[in-house]
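The structure appears below as structure tokens.
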Number of protein chains: 4
Amino acid sequence: MPKATFLNLPEEKKNLITEILIKHFATKPYHLVDISDVAKECRVAKGSMYQYFENKKDMYFYAIEVAYERFLQFLEKMDMVYVNILDYYENSLERVWVAMKDLRHEYMLLERAFFSHDSPFKDEINEKFLKKSRDFLIEIIKYNQKQGFIRDDVDPLIIGIYLEGASFYMKKFVVEKALNSTGTTTLELDISYFKDSLSQFMKLLKEGIAKK
Amino acid sequence: MPKATFLNLPEEKKNLITEILIKHFATKPYHLVDISDVAKECRVAKGSMYQYFENKKDMYFYAIEVAYERFLQFLEKMDMVYVNILDYYENSLERVWVAMKDLRHEYMLLERAFFSHDSPFKDEINEKFLKKSRDFLIEIIKYNQKQGFIRDDVDPLIIGIYLEGASFYMKKFVVEKALNSTGTTTLELDISYFKDSLSQFMKLLKEGIAKK
Amino acid sequence: MPKATFLNLPEEKKNLITEILIKHFATKPYHLVDISDVAKECRVAKGSMYQYFENKKDMYFYAIEVAYERFLQFLEKMDMVYVNILDYYENSLERVWVAMKDLRHEYMLLERAFFSHDSPFKDEINEKFLKKSRDFLIEIIKYNQKQGFIRDDVDPLIIGIYLEGASFYMKKFVVEKALNSTGTTTLELDISYFKDSLSQFMKLLKEGIAKK
Amino acid sequence: MPKATFLNLPEEKKNLITEILIKHFATKPYHLVDISDVAKECRVAKGSMYQYFENKKDMYFYAIEVAYERFLQFLEKMDMVYVNILDYYENSLERVWVAMKDLRHEYMLLERAFFSHDSPFKDEINEKFLKKSRDFLIEIIKYNQKQGFIRDDVDPLIIGIYLEGASFYMKKFVVEKALNSTGTTTLELDISYFKDSLSQFMKLLKEGIAKK
DNA sequence: GATGAATGAGCGTTCATTCAT
DNA sequence: AATGAATGAACGCTCATTCAT
């Protein structure tokens with residue numbers, strides 16, 4: 001947790017530091033993030049960073065937390081249980097690339113922290129943020145099967161893997177496209193292109209690739 | 001590229017070093033691989049490693065190269081173009097877990113090097129190993145569409161992403177299960193369990209999750 | 001020397017800061033005393049401590065000075081010259097543990113500052129506080145010899161060392177016992193136990209350990 | 001424990017480093033010993049010190065160990081149990097100042113490590129080196145009482161404190177005299193002066209200071 | 001005068017790489 | 001060619017002190 005010193009900082013400065021922390025932890029693996037660099041970019045002495053935070057890990061967790069909170073508002077994950085999962089994925093994917101305009105680094109950081117094999121403190125992060133993530137998905141799938149939204153002749157676990165994998169790659173594709181098509185300041189995506197891609201992708205999720 | 005000194009080494013020693021390099025780079029992120037440890041495990045002086053290789057990166061690329069070649073022989077990727085892609089995926093997945101018995105570390109290394117966000121020298125690796133990987137898959141998909149093996153009303157690129165993602169996660173799932181269920185020496189998988197999982201997964205690929 | 005700013009402080013606040021300074025310098029070696037901690041415990045800004053004192057060393061010396069003065073009042077060292085030294089030691093020891101109730105930290109600080117090898121600024125402290133301490137003791141011993149209170153066939157210097165050493169260790173023993181047998185708030189010593197120990201100790205001082 | 005790298009060093013270099021480590025840890029408190037300084041004085045890169053030792057603490061314990069072993073040879077502490085304690089102290093003190101010629105820093109280091117209140121790792125050091133030091137002394141005293149060498153009308157614990165204290169101060173006095181009377185290279189003590197002081201001191205131990 | 005954020009020198013430690021033997 | 005000791009840049013972190021408000 002950031003120290004009081006940080007929380008008392010003028011909003012503007014706090015935001016600057018938050019942004020820079022998220023950016024650094026999003027674009028480099030943990031061990032390559034150099035507090036000296038971060039401090040320099042914040043136009044602050046290295047020592048000051050340690051007035052604001054307990055240590056590097058504290059900065060990392062703070063960055064994740066802010067990114068996570070920002071992201072949750074987009075996903076509104078919490079009210080998704082009793083929902084048609086096909087609708088959910090459709091909306092989820094759409095939300096993701098809309099989010100990319102503002103939440104590019106947040107997204108990258110979370111992916112890194114939650115999914116990278118080499119993410120340090122992974123257990124702690126899972127404990128704090130993701131504990132029942134897959135179990136949760138399984139529940140949703142079961143519910144959808146019961147409701148007759150999706151087929152019930154396949155093991156929920158396998159469906160879960162299938163969904164996570166395909167959609168994760170799709171998100172990745174969207175994100176990379178988005179990132180490549182930008183300079184550093186603006187992010188103007190051709191939404192319509194993605195919309196189209198998305199509807200095709202959803203068709204695959206629903207119907208598979210087999211010749212109809 | 002390894003130096004001549006390395007290539008002139010007795011086969012046995014060369015193999016030992018190769019194995020250990022692959023193991024280390026497979027099980028730890030690049031920056032955590034300690035040349036001291038590697039050398040010690042090879043029963044070779046640290047300095048000797050630098051007689052054999054230009055530097056750490058050279059060792060890393062050598063390990064990837066060997067792992068890649070070994071893996072290709074399993075996948076026989078080269079003659080898969082004119083193949084029913086559904087058959088291919090079915091077989092591909094099966095091959096992967098068969099391969100796990102002998103190629104566990106090779107597989108882990110490649111996954112790390114090719115897909116991990118934090119893989120250092122990623123661009124160079126892509127350049128060297130994967131450049132046309134996706135283009136290649138697209139070609140296969142197009143061919144399959146032309147042959148009428150798979151639906152042709154969806155953009156080949158989207159199908160590619162969908163296939164890569166879902167199957168990558170499925171592979172991951174298999175691999176993790178396999179790794180967790182092993183001690184250090186033997187690797188006895190309950191193949192039948194995976195066979196069953198696989199056939200369900202293939203059903204999803206072919207038909208999607210929509211209620212039939 | 002504390003700055004005027006400090007001296008002008010309301011008595012209560014001044015006392016609080018004094019107490020806390022003594023406590024910190026008494027219970028930790030100099031370099032482990034953290035001005036941040038001290039300030040926090042004084043409910044004063046860190047910067048304020050530097051309005052009151054020149055620097056850390058200034059705080060240290062101020063603490064020693066106060067502790068020394070308080071201690072001197074117990075020992076009434078000044079009128080002890082023309083005294084039977086055996087009586088003096090007997091009383092001195094008794095006084096020490098009586099003093100422990102109120103002057104625990106003062107005593108610990110002085111011991112640390114005067115006798116610990118690692119006391120910083122030791123020379124300066126000696127200069128300021130102890131300069132003639134041993135010379136003074138020698139004088140007392142000579143006087144006692146002349147009066148026939150103690151044997152005169154041994155060099156006063158040797159007697160001085162003998163007395164200082166034995167009694168210092170005895171004090172230490174008493175102090176440690178006392179400190180160990182206390183919680184944080186009360187200090188109820190079993191005086192009678194120490195009284196008994198003391199009288200035995202005095203016997204040794206007077207008669208030595210030789211079989212009588 | 002020093003690493004193999006250190007033990008494999010040429011004897012001369014090893015000795016140089018050992019000497020310098022002992023000197024530094026003997027003359028400064030632990031936290032003021034700067035590995036940079038030590039390395040510089042050893043004419044070795046800072047990093048090399050970490051090839052030789054695990055960490056600073058390892059260097060410290062190594063220095064203590066060497067100093068302790070050297071010292072033990074002088075004290076031959078082990079065969080002192082069944083001995084007239086008066087003889088022992090007489091000899092012990094004599095040995096100490098003879099030792100000072102060669103073991104000045106060793107002695108200072110041990111005193112610091114074993115007796116200073118602020119010695120870091122004190123418990124560990126006690127565990128390793130001193131565990132039953134006082135208990136041991138008590139046993140000796142009891143034995144001496146039984147043998148009729150010393151008075152048995154005083155609690156052995158009190159005698160122990162008395163002996164430790166008086167003789168520790170006497171040793172200190174000898175050591176300081178010795179250290180003050182030297183330049184940096186030679187240490188020529190006027191042994192006869194100390195011999196005389198010693199016999200007077202022993203008289204006090206045996207007979208006390210009371211007028212006979 | 002009080003505040004508490006800002007500073008920066010300096011410490012212990014790591015590790016890829018070099019180099020003398 | 002093989003060795004393994006030597007190197008030194010760089011990192012995370014601490015804390016007495018300063019300084020702007």
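Simple scheme: letters A, B, ... for chains in structure tokens order, numbers from 1 for residues in each chain, numbers from 1 for ligands in the order shown.
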Check your understanding: Got a sec: who's within 10 Å of range 5-19 of chain E, counting only C-alpha atoms (C1' of nucleotides), leaving out chain neighbours fewer than 3 positions off, as a count of residues only?
Key -> 40
**Study point:** Residue contacts of range 206-209 of chain D (8 Å, only C-alpha atoms (C1' of nucleotides)) excluding same-chain residues fewer than 2 positions away, as an MDAnalysis selection string
**Key:** (chainID C and resid 150:151 159 204:210) or (chainID D and resid 86 202:204 211)
The selected residues should be written to file as a tab-separated table (two decimals), in the first residue's frame (atoms: all heavy atoms).
chain	number	residue	atom	x	y	z
C	150	ILE	N	40.92	1.68	54.12
C	150	ILE	CA	41.26	0.53	53.28
C	150	ILE	C	42.77	0.32	53.25
C	150	ILE	O	43.53	1.21	53.64
C	150	ILE	CB	40.76	0.70	51.83
C	150	ILE	CG1	41.42	1.93	51.18
C	150	ILE	CG2	39.23	0.85	51.78
C	150	ILE	CD1	41.10	2.05	49.70
C	151	ARG	N	43.15	-0.84	52.78
C	151	ARG	CA	44.57	-1.22	52.81
C	151	ARG	C	45.40	-0.22	51.99
C	151	ARG	O	44.98	0.27	50.95
C	151	ARG	CB	44.76	-2.63	52.29
C	151	ARG	CG	44.40	-2.79	50.82
C	151	ARG	CD	44.25	-4.25	50.43
C	151	ARG	NE	45.43	-5.01	50.81
C	151	ARG	CZ	45.51	-6.33	50.75
C	151	ARG	NH1	44.46	-7.04	50.32
C	151	ARG	NH2	46.59	-6.96	51.10
C	159	ILE	N	43.61	-0.61	42.76
C	159	ILE	CA	42.37	-0.68	43.55
C	159	ILE	C	41.21	-0.06	42.76
C	159	ILE	O	40.10	-0.58	42.74
C	159	ILE	CB	42.55	0.04	44.90
C	159	ILE	CG1	43.60	-0.71	45.75
C	159	ILE	CG2	41.22	0.13	45.65
C	159	ILE	CD1	43.82	-0.10	47.12
C	204	LEU	N	33.02	-9.66	49.57
C	204	LEU	CA	34.12	-9.97	48.64
C	204	LEU	C	35.01	-8.76	48.44
C	204	LEU	O	36.24	-8.86	48.45
C	204	LEU	CB	33.57	-10.43	47.29
C	204	LEU	CG	32.89	-11.80	47.26
C	204	LEU	CD1	32.34	-12.08	45.88
C	204	LEU	CD2	33.89	-12.89	47.67
C	205	LEU	N	34.38	-7.62	48.25
C	205	LEU	CA	35.19	-6.42	48.04
C	205	LEU	C	36.12	-6.21	49.23
C	205	LEU	O	37.29	-5.86	49.06
C	205	LEU	CB	34.28	-5.19	47.88
C	205	LEU	CG	33.68	-4.90	46.51
C	205	LEU	CD1	33.04	-3.52	46.51
C	205	LEU	CD2	34.72	-4.98	45.39
C	206	LYS	N	35.59	-6.42	50.40
C	206	LYS	CA	36.38	-6.15	51.59
C	206	LYS	C	37.43	-7.22	51.86
C	206	LYS	O	38.56	-6.93	52.20
C	206	LYS	CB	35.46	-6.04	52.82
C	206	LYS	CG	34.65	-4.77	52.87
C	206	LYS	CD	33.75	-4.76	54.10
C	206	LYS	CE	32.58	-3.79	53.91
C	206	LYS	NZ	31.47	-4.08	54.82
C	207	GLU	N	37.02	-8.46	51.67
C	207	GLU	CA	37.87	-9.55	52.16
C	207	GLU	C	38.46	-10.43	51.08
C	207	GLU	O	39.30	-11.29	51.36
C	207	GLU	CB	37.04	-10.44	53.11
C	207	GLU	CG	36.39	-9.67	54.24
C	207	GLU	CD	35.38	-10.53	54.98
C	207	GLU	OE1	35.39	-11.77	54.76
C	207	GLU	OE2	34.57	-9.97	55.75
C	208	GLY	N	37.99	-10.27	49.83
C	208	GLY	CA	38.52	-11.12	48.77
C	208	GLY	C	37.90	-12.50	48.81
C	208	GLY	O	37.03	-12.80	49.63
C	209	ILE	N	38.33	-13.33	47.87
C	209	ILE	CA	37.73	-14.65	47.78
C	209	ILE	C	38.53	-15.73	48.49
C	209	ILE	O	38.10	-16.88	48.56
C	209	ILE	CB	37.55	-15.07	46.30
C	209	ILE	CG1	38.90	-15.06	45.59
C	209	ILE	CG2	36.53	-14.18	45.61
C	209	ILE	CD1	38.81	-15.63	44.19
C	210	ALA	N	39.69	-15.35	49.00
C	210	ALA	CA	40.53	-16.38	49.63
C	210	ALA	C	39.84	-17.00	50.84
C	210	ALA	O	39.13	-16.33	51.58
C	210	ALA	CB	41.86	-15.77	50.05
D	86	LEU	N	42.42	-19.29	41.60
D	86	LEU	CA	43.33	-18.16	41.83
D	86	LEU	C	44.53	-18.26	40.92
D	86	LEU	O	44.96	-17.28	40.30
D	86	LEU	CB	43.74	-18.12	43.30
D	86	LEU	CG	42.56	-17.87	44.26
D	86	LEU	CD1	42.99	-18.11	45.70
D	86	LEU	CD2	42.02	-16.47	44.07
D	202	MET	N	45.93	-9.48	42.16
D	202	MET	CA	45.59	-10.80	42.70
D	202	MET	C	45.42	-10.74	44.21
D	202	MET	O	44.58	-11.43	44.79
D	202	MET	CB	46.67	-11.82	42.33
D	202	MET	CG	46.70	-12.18	40.86
D	202	MET	SD	45.08	-12.63	40.18
D	202	MET	CE	44.67	-14.05	41.18
D	203	LYS	N	46.25	-9.90	44.82
D	203	LYS	CA	46.13	-9.75	46.26
D	203	LYS	C	44.72	-9.26	46.60
D	203	LYS	O	44.09	-9.75	47.55
D	203	LYS	CB	47.17	-8.73	46.75
D	203	LYS	CG	47.66	-8.99	48.16
D	203	LYS	CD	48.53	-7.86	48.69
D	203	LYS	CE	49.94	-7.87	48.04
D	203	LYS	NZ	50.82	-6.84	48.65
D	204	LEU	N	44.21	-8.31	45.81
D	204	LEU	CA	42.86	-7.80	46.07
D	204	LEU	C	41.82	-8.90	45.89
D	204	LEU	O	40.90	-9.05	46.68
D	204	LEU	CB	42.54	-6.64	45.13
D	204	LEU	CG	43.30	-5.34	45.39
D	204	LEU	CD1	42.93	-4.31	44.34
D	204	LEU	CD2	42.99	-4.82	46.78
D	211	LYS	N	41.22	-3.04	55.15
D	211	LYS	CA	42.44	-2.90	55.95
D	211	LYS	C	42.67	-4.19	56.73
D	211	LYS	O	41.76	-4.72	57.38
D	211	LYS	CB	42.24	-1.74	56.93
D	211	LYS	CG	43.45	-1.41	57.79
D	211	LYS	CD	44.46	-0.57	57.01
D	211	LYS	CE	45.63	-0.15	57.92
D	211	LYS	NZ	46.65	0.60	57.16
**Study point:** For Phe168 in chain B: contacts at 9 Å, only C-alpha atoms (C1' of nucleotides), fewer than 4 positions along chain excluded, given as a ChimeraX atom specification
**Key:** /A:165-166 /B:163-164,172-173
Please list as a compact mmCIF listing (two decimals) with C-alpha atoms, in the first residue's frame every residue within 10 Å of Asp135 in chain A, counting only C-alpha atoms (C1' of nucleotides) and excluding residues in the same chain fewer than 5 positions away.
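The new file around26.txt reads:
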# COMPACT_ATOMS: atom_id res chain seq x y z
CA ILE A 140 -21.36 -19.59 -15.51
CA ILE A 141 -20.98 -22.28 -18.12
CA LEU A 157 -14.10 -27.49 -18.06
CA GLY A 160 -14.03 -23.11 -20.33
Exercise for review: Report as a PyMOL selection string the set of chain E residues whose atoms approach chain C to within 9 Å, with distances computed over only C-alpha atoms (C1' of nucleotides).
Suggested key: chain E and resi 1-4
Please write the residues from the selection above to a file, keeping all heavy atoms, as a short mmCIF file (atom, residue, chain, number, x, y, z; two decimals), in the first residue's frame.
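Saved to result_39.cif:
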data_model
loop_
_atom_site.label_atom_id
_atom_site.label_comp_id
_atom_site.auth_asym_id
_atom_site.auth_seq_id
_atom_site.Cartn_x
_atom_site.Cartn_y
_atom_site.Cartn_z
P DG E 1 11.60 30.87 15.24
OP1 DG E 1 11.50 32.15 15.88
OP2 DG E 1 12.56 29.82 15.49
"O5'" DG E 1 10.13 30.23 15.18
"C5'" DG E 1 9.23 30.27 16.29
"C4'" DG E 1 8.15 29.25 16.03
"O4'" DG E 1 7.57 29.48 14.73
"C3'" DG E 1 8.65 27.80 16.01
"O3'" DG E 1 7.63 26.99 16.60
"C2'" DG E 1 8.86 27.51 14.54
"C1'" DG E 1 7.77 28.36 13.88
N9 DG E 1 8.20 28.89 12.58
C8 DG E 1 9.37 29.53 12.28
N7 DG E 1 9.45 29.91 11.03
C5 DG E 1 8.25 29.50 10.48
C6 DG E 1 7.75 29.63 9.16
O6 DG E 1 8.30 30.16 8.18
N1 DG E 1 6.47 29.07 9.02
C2 DG E 1 5.78 28.47 10.04
N2 DG E 1 4.57 28.00 9.73
N3 DG E 1 6.23 28.34 11.28
C4 DG E 1 7.46 28.87 11.42
P DA E 2 7.67 25.41 16.54
OP1 DA E 2 6.85 24.88 17.66
OP2 DA E 2 9.08 24.98 16.37
"O5'" DA E 2 6.88 25.11 15.19
"C5'" DA E 2 5.47 25.28 15.17
"C4'" DA E 2 4.90 24.51 13.99
"O4'" DA E 2 5.36 25.12 12.76
"C3'" DA E 2 5.33 23.03 13.94
"O3'" DA E 2 4.17 22.27 13.69
"C2'" DA E 2 6.35 22.98 12.80
"C1'" DA E 2 5.90 24.13 11.90
N9 DA E 2 6.98 24.78 11.16
C8 DA E 2 8.21 25.15 11.63
N7 DA E 2 8.97 25.75 10.73
C5 DA E 2 8.17 25.77 9.59
C6 DA E 2 8.39 26.25 8.29
N6 DA E 2 9.51 26.85 7.90
N1 DA E 2 7.38 26.10 7.39
C2 DA E 2 6.25 25.51 7.78
N3 DA E 2 5.93 25.01 8.98
C4 DA E 2 6.95 25.17 9.84
P DT E 3 4.25 20.70 13.62
OP1 DT E 3 2.94 20.15 14.05
OP2 DT E 3 5.50 20.24 14.23
"O5'" DT E 3 4.35 20.49 12.06
"C5'" DT E 3 3.26 20.90 11.24
"C4'" DT E 3 3.67 20.78 9.80
"O4'" DT E 3 4.83 21.60 9.56
"C3'" DT E 3 4.10 19.38 9.37
"O3'" DT E 3 3.02 18.79 8.70
"C2'" DT E 3 5.33 19.59 8.49
"C1'" DT E 3 5.43 21.11 8.37
N1 DT E 3 6.79 21.69 8.31
C2 DT E 3 7.20 22.26 7.13
O2 DT E 3 6.51 22.28 6.13
N3 DT E 3 8.47 22.80 7.18
C4 DT E 3 9.33 22.83 8.26
O4 DT E 3 10.43 23.34 8.19
C5 DT E 3 8.84 22.22 9.46
C7 DT E 3 9.69 22.19 10.68
C6 DT E 3 7.60 21.68 9.43
P DG E 4 2.71 17.24 8.84
OP1 DG E 4 1.26 17.04 8.71
OP2 DG E 4 3.44 16.67 9.99
"O5'" DG E 4 3.40 16.74 7.50
"C5'" DG E 4 3.13 17.41 6.27
"C4'" DG E 4 4.23 17.07 5.28
"O4'" DG E 4 5.39 17.89 5.56
"C3'" DG E 4 4.73 15.63 5.36
"O3'" DG E 4 5.15 15.22 4.07
"C2'" DG E 4 5.97 15.75 6.24
"C1'" DG E 4 6.51 17.03 5.65
N9 DG E 4 7.56 17.66 6.42
C8 DG E 4 7.91 17.45 7.73
N7 DG E 4 8.92 18.18 8.11
C5 DG E 4 9.25 18.92 7.00
C6 DG E 4 10.28 19.88 6.80
O6 DG E 4 11.10 20.29 7.61
N1 DG E 4 10.27 20.39 5.51
C2 DG E 4 9.38 20.01 4.53
N2 DG E 4 9.52 20.60 3.34
N3 DG E 4 8.43 19.12 4.70
C4 DG E 4 8.42 18.62 5.95
#
Review point. Where in range 11-125 of chain A does DSSP assign helix (DSSP H, G or I), given as JSON, numbers by chain?
Key: {"A": [11, 12, 13, 14, 15, 16, 17, 18, 19, 20, 21, 22, 23, 24, 25, 26, 27, 30, 31, 32, 35, 36, 37, 38, 39, 40, 41, 46, 47, 48, 49, 50, 51, 52, 56, 57, 58, 59, 60, 61, 62, 63, 64, 65, 66, 67, 68, 69, 70, 71, 72, 73, 74, 75, 77, 78, 79, 80, 85, 86, 87, 88, 89, 90, 91, 92, 93, 94, 95, 96, 97, 98, 99, 100, 101, 102, 103, 104, 105, 106, 107, 108, 109, 110, 111, 112, 113, 114, 115, 122, 123, 124, 125]}
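In this model, the gap between CA of Tyr89 in chain B and CA of Phe129 in chain B comes to 20.8 Å.
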Review point. Between CA of Lys28 in chain A and CA of Pro2 in chain B, what is the spacing in Å?
Key: 28.6 Å
Practice item. Pick out the residues sitting within 6 Å of range 21-27 of chain C, and hand them over as an MDAnalysis selection string; count only C-alpha atoms (C1' of nucleotides), and ignore anything fewer than 2 positions along from it in its own chain. Key: chainID C and resid 18:19 63 105 108:109
Same residues, C-alpha atoms, output as an mmCIF file, in the first residue's frame:
data_model
loop_
_atom_site.group_PDB
_atom_site.id
_atom_site.type_symbol
_atom_site.label_atom_id
_atom_site.label_comp_id
_atom_site.auth_asym_id
_atom_site.auth_seq_id
_atom_site.Cartn_x
_atom_site.Cartn_y
_atom_site.Cartn_z
ATOM 1 C CA THR C 18 13.397 14.867 26.224
ATOM 2 C CA GLU C 19 11.918 11.659 27.559
ATOM 3 C CA ALA C 63 19.880 13.410 25.963
ATOM 4 C CA HIS C 105 16.632 4.789 30.618
ATOM 5 C CA MET C 108 21.110 2.681 30.199
ATOM 6 C CA LEU C 109 21.911 5.687 28.068
#
Exercise for review: Can you pull out every residue within 10 Å of range 118-126 of chain B, counting only C-alpha atoms (C1' of nucleotides), but drop anything in the same chain fewer than 3 positions away, and send it as a list in words?
Suggested key: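 That gives Thr27, Lys28, Pro29, Tyr30, Leu32, Arg112, Ser116, His117, Asp118 and Ser119 of chain A; Pro29, Tyr30, His31, Lys57, Tyr60, Phe61, Ile64, Glu65, Glu111, Arg112, Ala113, Phe114, Phe115, Phe129, Leu130, Lys131, Lys132 and Ser133 of chain B.
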Exercise for review: Find the residue from B:Leu103, B:Ile158, B:Met1, B:Leu137 that sits nearest to chain A; use only C-alpha atoms when measuring.
Suggested key: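 Nearest to chain A: B:Ile158.
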